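For reference, structure.txt (compact mmCIF, C-alpha atoms):
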# COMPACT_ATOMS: atom_id res chain seq x y z
CA MET A 14 -41.98 -9.70 97.01
CA THR A 15 -42.24 -12.59 99.47
CA CYS A 16 -39.34 -14.17 101.37
CA SER A 17 -39.76 -17.34 99.32
CA GLU A 18 -39.49 -15.42 96.05
CA PHE A 19 -36.49 -13.50 97.35
CA GLN A 20 -34.71 -16.67 98.41
CA ASP A 21 -35.35 -18.22 95.01
CA ILE A 22 -33.24 -15.56 93.35
CA LEU A 23 -30.66 -15.44 96.15
CA PRO A 24 -28.09 -17.82 94.51
CA ASP A 25 -27.74 -15.39 91.60
CA MET A 26 -27.91 -12.25 93.68
CA LEU A 27 -25.70 -13.04 96.67
CA ASP A 28 -22.34 -12.29 95.08
CA SER A 29 -23.51 -8.95 93.68
CA GLU A 30 -25.33 -5.88 94.97
CA ALA A 31 -29.12 -6.18 95.47
CA LYS A 32 -31.11 -3.87 93.19
CA GLY A 33 -34.70 -2.80 92.66
CA GLU A 34 -37.35 -4.88 94.37
CA HIS A 35 -34.70 -7.21 95.81
CA ALA A 36 -33.01 -4.31 97.56
CA ALA A 37 -36.38 -3.08 98.76
CA HIS A 38 -37.22 -6.50 100.22
CA LEU A 39 -33.86 -6.66 101.96
CA LYS A 40 -34.51 -3.31 103.59
CA SER A 41 -37.92 -4.29 104.82
CA CYS A 42 -37.28 -7.92 105.89
CA LEU A 43 -34.94 -8.48 108.79
CA LYS A 44 -35.11 -12.25 108.34
CA CYS A 45 -33.84 -12.17 104.74
CA SER A 46 -31.38 -9.42 105.60
CA ASP A 47 -29.88 -11.61 108.36
CA LEU A 48 -29.75 -14.55 105.99
CA VAL A 49 -27.82 -12.56 103.40
CA SER A 50 -25.44 -11.24 106.07
CA ASP A 51 -24.77 -14.75 107.35
CA LEU A 52 -24.16 -16.21 103.91
CA ARG A 53 -21.82 -13.36 103.02
CA ALA A 54 -19.96 -13.80 106.33
CA ILE A 55 -19.54 -17.51 105.62
CA SER A 56 -18.19 -16.71 102.17
CA GLU A 57 -15.78 -14.13 103.57
CA GLY A 58 -14.69 -16.44 106.37
CA ALA A 59 -13.94 -19.17 103.84
CA LYS A 60 -11.34 -17.00 102.12
CA LEU A 61 -9.26 -17.08 105.30
CA LEU A 62 -8.98 -20.86 105.05
CA CYS A 63 -7.06 -20.64 101.81
CA GLU A 64 -3.67 -21.15 103.46
CA ALA A 65 -4.79 -22.26 106.90
CA ASP A 66 -2.84 -25.51 107.20
CA GLU A 67 0.79 -26.56 107.02
CA PRO A 68 1.83 -29.96 105.61
CA SER A 69 4.21 -32.24 107.47
CA PRO A 70 7.94 -31.73 106.70
CA ARG A 71 8.14 -35.33 105.48
CA ILE A 72 6.13 -34.35 102.39
CA TRP A 73 9.03 -32.33 101.03
CA ALA A 74 11.45 -35.12 101.98
CA ASN A 75 9.34 -37.58 99.97
CA ILE A 76 9.10 -35.22 97.00
CA GLN A 77 12.83 -34.60 97.04
CA ARG A 78 13.59 -38.32 97.20
CA THR A 79 11.28 -39.03 94.28
CA LEU A 80 12.76 -36.21 92.19
CA GLU A 81 16.23 -37.56 92.85
CA ALA A 82 15.22 -41.09 91.93
CA GLU A 83 13.68 -39.81 88.70
CA GLY A 84 16.78 -37.78 87.92
CA LEU A 85 14.86 -34.49 87.81
CA ILE A 86 17.16 -32.85 90.32
CA ARG A 87 20.52 -31.99 88.83
CA THR A 88 23.54 -33.84 90.17
CA PRO A 89 25.28 -31.61 92.69
CA SER A 90 28.80 -30.61 91.64
CA GLN A 91 29.91 -29.33 95.01
CA PRO A 92 29.52 -30.48 98.61
CA GLY A 93 26.51 -29.17 100.51
CA GLY A 94 23.95 -29.96 97.87
CA VAL A 95 20.65 -31.60 98.57
CA LEU A 96 21.78 -35.12 97.84
CA ILE A 97 23.11 -37.13 100.71
CA PRO A 98 25.50 -40.12 101.38
CA PRO A 99 26.40 -43.67 102.85
CA ARG A 100 28.40 -45.24 105.70
CA ARG A 101 32.14 -45.15 105.94
CA HIS A 102 32.87 -48.90 106.10
CA TRP A 103 31.38 -49.73 102.70
CA THR A 104 31.53 -46.39 100.93
CA ARG A 105 35.02 -46.72 99.49
CA TRP A 106 34.32 -50.25 98.27
CA THR A 107 31.08 -49.26 96.56
CA TRP A 108 32.68 -46.22 95.04
CA ALA A 109 35.44 -48.37 93.63
CA THR A 110 32.81 -50.74 92.24
CA ALA A 111 31.07 -47.93 90.40
CA ILE A 112 34.31 -46.72 88.85
CA ALA A 113 35.27 -50.29 87.96
CA ALA A 114 31.90 -50.72 86.31
CA VAL A 115 32.51 -47.77 84.02
CA LEU A 116 36.04 -48.92 83.22
CA ALA A 117 34.68 -52.38 82.50
CA LEU A 118 32.11 -50.84 80.21
CA VAL A 119 34.80 -49.07 78.19
CA ALA A 120 36.92 -52.23 77.97
CA VAL A 121 34.02 -54.47 77.08
CA LEU A 122 32.76 -52.08 74.45
CA ALA A 123 36.18 -51.97 72.83
CA TYR A 124 36.31 -55.76 72.89
CA HIS A 125 32.72 -56.04 71.71
CA ASN A 126 33.36 -53.76 68.75
CA ARG A 127 36.41 -55.79 67.71
CA SER A 128 34.76 -59.18 68.11
CA THR A 129 31.57 -58.07 66.37
CA ARG A 130 33.62 -56.85 63.43
CA ASN A 131 35.76 -60.01 63.28
CA THR A 132 33.39 -62.82 64.12
CA GLY A 133 29.96 -61.37 64.51
CA VAL A 134 29.72 -63.15 67.85
CA ASN A 135 28.37 -61.21 70.77
CA GLU A 136 30.67 -61.59 73.76
CA ALA A 137 29.11 -58.86 75.78
CA HIS A 138 27.13 -61.10 78.11
CA ASN A 139 30.36 -62.16 79.81
CA VAL A 140 30.46 -59.02 81.93
CA SER A 141 27.09 -59.57 83.46
CA ALA A 142 28.43 -62.06 85.96
CA VAL A 143 30.72 -59.53 87.65
CA VAL A 144 28.45 -56.48 87.64
CA PRO A 145 25.93 -56.04 90.44
CA SER A 146 22.40 -55.51 89.22
CA GLY A 147 19.86 -52.74 90.00
CA ALA A 148 16.78 -51.53 88.15
CA THR A 149 16.95 -49.30 85.10
CA ASP A 150 14.68 -46.25 84.94
CA VAL A 151 12.64 -44.68 82.13
CA ASP A 152 15.54 -42.56 80.87
CA ASP A 153 17.83 -45.58 80.85
CA GLU A 154 15.32 -47.56 78.83
CA GLN A 155 15.10 -44.71 76.35
CA LEU A 156 18.87 -44.66 76.05
CA LEU A 157 19.01 -48.42 75.54
CA ALA A 158 16.11 -48.58 73.11
CA ASP A 159 18.02 -48.05 69.87
CA MET A 160 21.06 -50.19 70.70
CA SER A 161 21.90 -53.55 69.19
CA PRO A 162 21.23 -56.46 71.58
CA GLY A 163 24.90 -57.02 72.41
CA THR A 164 25.70 -53.37 73.10
CA ARG A 165 22.46 -52.96 74.98
CA SER A 166 23.36 -55.80 77.29
CA VAL A 167 26.68 -54.20 78.21
CA TYR A 168 25.19 -50.78 78.83
CA GLU A 169 22.25 -52.22 80.72
CA GLN A 170 24.46 -54.09 83.15
CA ASN A 171 26.54 -50.99 83.78
CA LEU A 172 23.54 -48.80 84.27
CA ARG A 173 22.10 -51.31 86.68
CA SER A 174 25.34 -51.30 88.58
CA VAL A 175 25.49 -47.52 88.87
CA ASN A 176 21.79 -47.33 89.72
CA ALA A 177 22.31 -49.89 92.48
CA SER A 178 25.07 -47.70 93.91
CA ILE A 179 22.85 -44.61 93.73
CA GLN A 180 20.00 -46.41 95.45
CA GLU A 181 22.29 -47.77 98.12
CA ALA A 182 23.68 -44.30 98.82
CA GLN A 183 20.24 -42.77 98.94
CA ALA A 184 19.06 -45.40 101.40
CA THR A 185 22.00 -44.64 103.67
CA LEU A 186 21.37 -40.94 103.41
CA GLN A 187 17.84 -41.42 104.54
CA GLN A 188 19.16 -42.83 107.79
CA ASP A 189 22.14 -40.51 108.12
CA PRO A 190 21.54 -37.26 106.23
CA ASP A 191 24.73 -35.61 107.57
CA ASN A 192 27.13 -38.20 106.20
CA ASP A 193 29.50 -36.12 104.06
CA GLU A 194 31.33 -39.11 102.68
CA ALA A 195 28.09 -40.67 101.52
CA GLN A 196 27.12 -37.41 99.89
CA ARG A 197 30.37 -37.37 97.95
CA PHE A 198 29.80 -40.97 96.99
CA LEU A 199 26.37 -40.22 95.64
CA GLN A 200 27.69 -37.32 93.61
CA ASP A 201 30.37 -39.58 92.19
CA ALA A 202 27.83 -42.28 91.42
CA TYR A 203 25.76 -39.76 89.46
CA HIS A 204 28.94 -38.64 87.74
CA GLN A 205 29.63 -42.25 86.74
CA LYS A 206 26.14 -42.51 85.37
CA ALA A 207 26.65 -39.33 83.38
CA MET A 208 29.82 -40.87 81.94
CA VAL A 209 27.90 -43.94 80.84
CA TYR A 210 25.35 -41.69 79.14
CA GLU A 211 28.13 -39.69 77.50
CA LEU A 212 29.73 -42.86 76.14
CA ALA A 213 26.39 -43.99 74.78
CA MET A 214 25.76 -40.64 73.10
CA ASP A 215 29.24 -40.56 71.56
CA ARG A 216 28.75 -44.07 70.31
CA SER A 217 25.35 -43.28 68.78
CA MET A 218 26.87 -40.37 66.84
CA GLN A 219 29.63 -42.53 65.34
CA MET B 29 25.08 -27.29 92.64
CA ALA B 30 27.17 -24.65 90.91
CA GLY B 31 25.39 -21.32 90.97
CA ILE B 32 22.30 -22.85 92.42
CA SER B 33 23.22 -23.15 96.06
CA LYS B 34 20.87 -20.47 97.36
CA LYS B 35 18.77 -21.81 100.13
CA GLN B 36 15.21 -20.84 100.71
CA GLY B 37 16.24 -18.26 103.29
CA ASP B 38 17.96 -16.30 100.55
CA LYS B 39 15.96 -13.94 98.40
CA LEU B 40 15.10 -15.96 95.33
CA SER B 41 12.11 -14.67 93.42
CA GLU B 42 9.48 -17.04 92.12
CA ALA B 43 10.45 -16.28 88.53
CA GLU B 44 14.12 -17.04 89.26
CA ALA B 45 13.15 -20.20 91.11
CA ILE B 46 11.06 -21.37 88.15
CA GLU B 47 13.91 -20.85 85.71
CA ARG B 48 16.36 -22.61 87.98
CA ALA B 49 13.98 -25.47 88.67
CA LYS B 50 13.75 -26.01 84.92
CA GLN B 51 17.50 -26.68 85.04
CA GLY B 52 16.99 -29.22 87.84
CA ASP B 53 18.05 -27.00 90.73
CA ALA B 54 16.98 -28.76 93.91
CA ALA B 55 17.06 -25.58 96.00
CA ALA B 56 14.76 -23.85 93.49
CA PHE B 57 12.28 -26.71 93.72
CA GLU B 58 12.30 -26.29 97.47
CA VAL B 59 11.69 -22.54 97.21
CA LEU B 60 8.67 -23.15 94.98
CA TYR B 61 7.41 -25.83 97.32
CA ASN B 62 7.68 -23.55 100.34
CA LEU B 63 5.95 -20.70 98.53
CA HIS B 64 2.90 -22.77 97.67
CA LYS B 65 2.75 -25.71 100.07
CA ARG B 66 0.23 -24.20 102.47
CA ARG B 67 -2.30 -23.33 99.82
CA VAL B 68 -2.03 -26.67 98.04
CA TYR B 69 -2.18 -28.64 101.27
CA SER B 70 -5.11 -26.61 102.60
CA LEU B 71 -7.00 -27.23 99.38
CA CYS B 72 -6.35 -30.97 99.60
CA LEU B 73 -7.31 -31.08 103.26
CA ARG B 74 -10.55 -29.11 102.79
CA MET B 75 -11.58 -31.29 99.86
CA THR B 76 -10.77 -34.66 101.41
CA THR B 77 -11.14 -33.91 105.15
CA ASN B 78 -8.42 -36.48 105.73
CA THR B 79 -4.88 -35.54 106.75
CA ALA B 80 -3.09 -38.59 105.34
CA GLU B 81 -4.95 -38.38 102.06
CA ALA B 82 -4.30 -34.63 101.85
CA GLU B 83 -0.58 -35.20 102.33
CA ASP B 84 -0.47 -37.84 99.61
CA LEU B 85 -2.33 -35.56 97.22
CA THR B 86 -0.10 -32.59 98.04
CA GLN B 87 2.91 -34.74 97.25
CA GLU B 88 1.36 -35.93 94.00
CA ALA B 89 0.39 -32.40 92.93
CA PHE B 90 3.91 -31.06 93.45
CA LEU B 91 5.50 -34.05 91.74
CA GLN B 92 3.28 -33.49 88.72
CA LEU B 93 4.20 -29.84 88.77
CA PHE B 94 7.93 -30.48 88.97
CA ARG B 95 7.77 -33.11 86.23
CA LYS B 96 6.06 -30.63 83.93
CA ILE B 97 7.82 -27.45 84.98
CA GLY B 98 9.88 -27.46 81.80
CA THR B 99 6.67 -26.86 79.84
CA PHE B 100 5.67 -23.79 81.89
CA ARG B 101 5.93 -20.81 79.53
CA GLY B 102 4.49 -18.15 81.78
CA GLU B 103 1.29 -17.49 79.82
CA SER B 104 -0.62 -17.74 83.08
CA ALA B 105 0.49 -17.02 86.62
CA PHE B 106 2.54 -19.85 88.07
CA SER B 107 0.24 -20.06 91.09
CA THR B 108 -2.81 -20.41 88.81
CA TRP B 109 -1.08 -23.18 86.90
CA LEU B 110 -0.10 -24.98 90.10
CA HIS B 111 -3.46 -24.70 91.82
CA ARG B 112 -5.31 -25.84 88.74
CA MET B 113 -3.03 -28.87 88.69
CA ALA B 114 -3.62 -29.49 92.40
CA VAL B 115 -7.39 -29.27 91.93
CA ASN B 116 -7.22 -31.78 89.08
CA VAL B 117 -5.20 -34.18 91.22
CA VAL B 118 -7.75 -33.92 94.04
CA LEU B 119 -10.76 -34.25 91.77
CA MET B 120 -9.26 -37.28 90.08
CA GLN B 121 -8.74 -38.87 93.48
CA LEU B 122 -12.30 -38.12 94.55
CA ARG B 123 -13.60 -39.64 91.31
CA LYS B 124 -11.47 -42.73 91.88
CA LYS B 125 -13.14 -43.09 95.25
CA GLY B 126 -16.49 -43.00 93.47
CA LEU B 127 -17.62 -39.76 95.07
CA GLN B 128 -20.13 -37.70 93.13
CA LEU B 129 -18.40 -34.35 92.81
CA VAL B 130 -21.61 -32.46 92.27
CA PRO B 131 -25.21 -33.70 92.62
CA LEU B 132 -27.39 -33.63 89.49
CA GLU B 133 -29.39 -30.43 89.18
CA ASP B 134 -32.82 -31.88 89.85
CA GLU B 135 -31.62 -34.53 92.25
CA THR B 136 -32.51 -33.95 95.87
CA GLU B 137 -30.33 -35.28 98.61
CA GLY B 138 -31.65 -36.78 101.80
CA GLU B 139 -33.85 -34.74 104.14
CA GLU B 140 -30.94 -34.39 106.50
CA GLU B 141 -28.55 -33.05 103.88
CA THR B 142 -30.70 -30.54 102.03
CA PRO B 143 -30.74 -27.08 103.59
CA LYS B 144 -34.17 -25.59 103.93
CA LYS B 145 -35.33 -22.15 102.95
CA ASP B 146 -35.32 -19.76 105.83
CA TYR B 147 -38.49 -17.79 106.35
CA GLY B 148 -39.54 -18.92 109.81
CA ALA B 149 -39.17 -17.07 113.08
CA GLN B 150 -36.07 -15.00 113.52
CA ASP B 151 -33.18 -16.45 115.50
CA ALA B 152 -29.55 -15.64 116.21
CA VAL B 153 -27.44 -14.47 113.32
CA LEU B 154 -23.88 -15.54 112.61
CA ALA B 155 -22.56 -12.50 110.82
CA GLY B 156 -19.35 -11.08 112.13
CA SER B 157 -18.77 -13.90 114.56
CA ILE B 158 -17.74 -16.92 112.52
CA ASP B 159 -14.96 -18.80 114.19
CA ARG B 160 -12.39 -20.18 111.77
CA LEU B 161 -12.18 -23.57 113.50
CA GLN B 162 -15.95 -23.92 113.60
CA LEU B 163 -16.11 -23.10 109.92
CA LYS B 164 -13.44 -25.70 109.12
CA ASN B 165 -15.36 -28.31 111.07
CA ALA B 166 -18.62 -27.37 109.40
CA ILE B 167 -17.04 -27.63 105.92
CA ASP B 168 -15.76 -31.10 106.86
CA ARG B 169 -19.34 -32.10 107.65
CA LEU B 170 -20.73 -30.98 104.30
CA PRO B 171 -21.77 -33.67 101.82
CA PRO B 172 -18.88 -34.16 99.32
CA GLY B 173 -20.75 -32.58 96.38
CA TYR B 174 -21.50 -29.37 98.26
CA ARG B 175 -18.04 -29.34 99.77
CA SER B 176 -16.22 -29.49 96.40
CA ILE B 177 -18.11 -26.56 94.97
CA PHE B 178 -17.90 -24.50 98.15
CA VAL B 179 -14.15 -25.03 98.53
CA LEU B 180 -13.44 -24.32 94.88
CA HIS B 181 -15.53 -21.15 94.82
CA ASP B 182 -15.43 -19.57 98.24
CA VAL B 183 -12.08 -20.84 99.54
CA GLU B 184 -10.04 -21.12 96.34
CA GLY B 185 -11.70 -18.32 94.42
CA PHE B 186 -12.50 -20.15 91.18
CA GLU B 187 -15.34 -18.75 89.05
CA HIS B 188 -18.46 -20.80 88.30
CA ASN B 189 -17.47 -21.32 84.66
CA GLU B 190 -14.09 -22.73 85.76
CA ILE B 191 -15.71 -24.97 88.35
CA ALA B 192 -18.28 -26.21 85.85
CA GLN B 193 -15.46 -27.18 83.51
CA MET B 194 -13.39 -28.83 86.23
CA VAL B 195 -16.08 -30.91 87.87
CA GLY B 196 -18.17 -31.46 84.75
CA CYS B 197 -21.47 -29.71 85.53
CA SER B 198 -23.41 -26.71 84.26
CA ILE B 199 -22.71 -23.20 85.51
CA GLY B 200 -26.25 -23.07 86.89
CA ASN B 201 -25.69 -26.26 88.80
CA SER B 202 -22.47 -24.90 90.25
CA LYS B 203 -24.29 -21.76 91.45
CA SER B 204 -27.15 -23.75 92.86
CA GLN B 205 -24.87 -26.19 94.72
CA LEU B 206 -22.81 -23.34 96.10
CA HIS B 207 -25.92 -21.71 97.51
CA LYS B 208 -27.07 -24.97 99.08
CA ALA B 209 -23.61 -25.48 100.53
CA ARG B 210 -23.64 -22.03 102.13
CA MET B 211 -27.15 -22.60 103.51
CA LYS B 212 -26.09 -25.97 104.91
CA LEU B 213 -23.03 -24.41 106.49
CA ARG B 214 -25.22 -21.79 108.13
CA GLU B 215 -27.36 -24.52 109.63
CA LEU B 216 -24.32 -26.44 110.85
CA LEU B 217 -22.73 -23.35 112.38
CA LYS B 218 -25.94 -22.43 114.17
CA THR B 219 -26.30 -25.96 115.52
CA SER B 220 -22.69 -25.96 116.62
CA ARG B 221 -23.17 -22.62 118.39
CA ALA B 222 -26.34 -23.81 120.08
CA GLU B 223 -24.62 -26.97 121.31
CA LYS B 224 -21.75 -24.92 122.64
CA ALA B 225 -24.14 -22.64 124.49
CA ILE B 226 -25.86 -25.58 126.20
CA LYS B 227 -22.61 -27.03 127.49
CA PRO B 228 -21.64 -25.67 130.93

Show me, as structure tokens, the structure contained in the file I just sent.
Amino acid sequence: MTCSEFQDILPDMLDSEAKGEHAAHLKSCLKCSDLVSDLRAISEGAKLLCEADEPSPRIWANIQRTLEAEGLIRTPSQPGGVLIPPRRHWTRWTWATAIAAVLALVAVLAYHNRSTRNTGVNEAHNVSAVVPSGATDVDDEQLLADMSPGTRSVYEQNLRSVNASIQEAQATLQQDPDNDEAQRFLQDAYHQKAMVYELAMDRSMQ
Amino acid sequence: MAGISKKQGDKLSEAEAIERAKQGDAAAFEVLYNLHKRRVYSLCLRMTTNTAEAEDLTQEAFLQLFRKIGTFRGESAFSTWLHRMAVNVVLMQLRKKGLQLVPLEDETEGEEETPKKDYGAQDAVLAGSIDRLQLKNAIDRLPPGYRSIFVLHDVEGFEHNEIAQMVGCSIGNSKSQLHKARMKLRELLKTSRAEKAIKP
């Protein structure tokens, strides 16, 4: 067997034991023997690169932020969770806004139900002027999908409001991760959102 | 986080972390991330040779994983599931960039890129003395097609049939490209060693 012939079959042979005439050639040819040793050493060396590098800590921070924004991480129910909070001077005001938004939702829905029954006129759009707006996410859109236009409008405005509060808190937390008050605020904002969802579910089952 | 406040320093097994992550436990997500981040990031870095791109792909791979974790039923090992997902994310990115993941079987690359058969005069051998950094650098200098196959097979441990399926080539082509990649690496490592020897 020549070196050329041996090297032609090398791709199939390298990862297994050489046999027969291949083994005989390897024994007699130092050149091919060195080649096989080198290629096997490269292959072995490569295995050590499997976990050779460490990603930057900001990768986890980005992942965590995205999971929070997508609602995949469960709302913490006690302090010390992974979610984090806003600055003292506006926290209380924003918190109050979120609670007011939910209360407004309940009131408007009650009014909307009565007026729809009596007159068929949709009064729900009136609340939109006093509720701050934020974006709705995929889950919100799914929740809103089956609602009548009037009811949808009320829920949408409230979800936007709560989402705006969540986003605001998250932004603050990015700058000041140790802000306990902001963390509590964010938890409450998620709680408010859960309440909105609960109301919507109860309503859909009626 | 009622009942889910264990931090990564605590002993939380992978199986426990998976179950808790399915419930949205942030700490469990972090445990899973820390268990697998090095392997996923190393894979992304070897395949792309670019730190920023590797970080973006690592992030994307884990996000995909966490979004789908509720569907993980444990038929395969979690690490297999994750690394398959990471490979798909990387390969998709490479395709988006228009890189040919594996050269066609009968296509020859440029003179410079194709490793030659070795039956000339004997010279220094590498065996037993391959420096990890030199090997990393040499892999970075491989043509993208060779690099994908080499990383998937020799670094990540995928079989040729799996690689063929992932990159869309024949098993024979995968074997052939792997061999060419190893030959090319040998050349690069020898050159690198020779250059180092010349320097004072």

Legend entry - range 90-92 of chain B environment, 9 Å, all atoms listed in the file, sequence neighbours closer than 5 positions dropped, as a ChimeraX atom specification: /A:76,79-80 /B:61,65,68,85,97,110,113-114,117

With 6 Å of padding per side, what axis-aligned box (centre and edge lengths, Å, one decimal) covers all the listed atoms of range 50-66 of chain A? Give it as lines of an AutoDock Vina configuration file.
center_x = -14.1
center_y = -18.4
center_z = 104.6
size_x = 34.6
size_y = 26.3
size_z = 17.5

Inset, instruction - Enumerate as a PyMOL selection string the residues belonging to chain A that approach chain B to within 9 Å, with only C-alpha atoms taken into account. - result: chain A and resi 16-17+20-21+23-25+27+43-45+47-48+50-69+72-73+75-77+79-81+84-96

Inset, instruction - Can you pull out every residue within 7 Å of range 28-35 of chain A, counting all atoms listed in the file, but drop anything in the same chain fewer than 3 positions away, and send it as a ChimeraX atom specification? - result: /A:19,38-39

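Taking CA of Asn78 in chain B as the reference point, CA of Ala166 in chain B is found at 14.2 Å.
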
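Of note, CA of Arg197 in chain A and CA of Val167 in chain A are spaced 26.2 Å apart.
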
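Counting all atoms listed in the file and comparing A:Leu157, A:Leu186, A:Met26, A:Ala195, the residue that lies closest to Ala213 in chain A is A:Leu157.
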
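CA of Phe106 in chain B is positioned 22.7 Å from CA of Ser176 in chain B.
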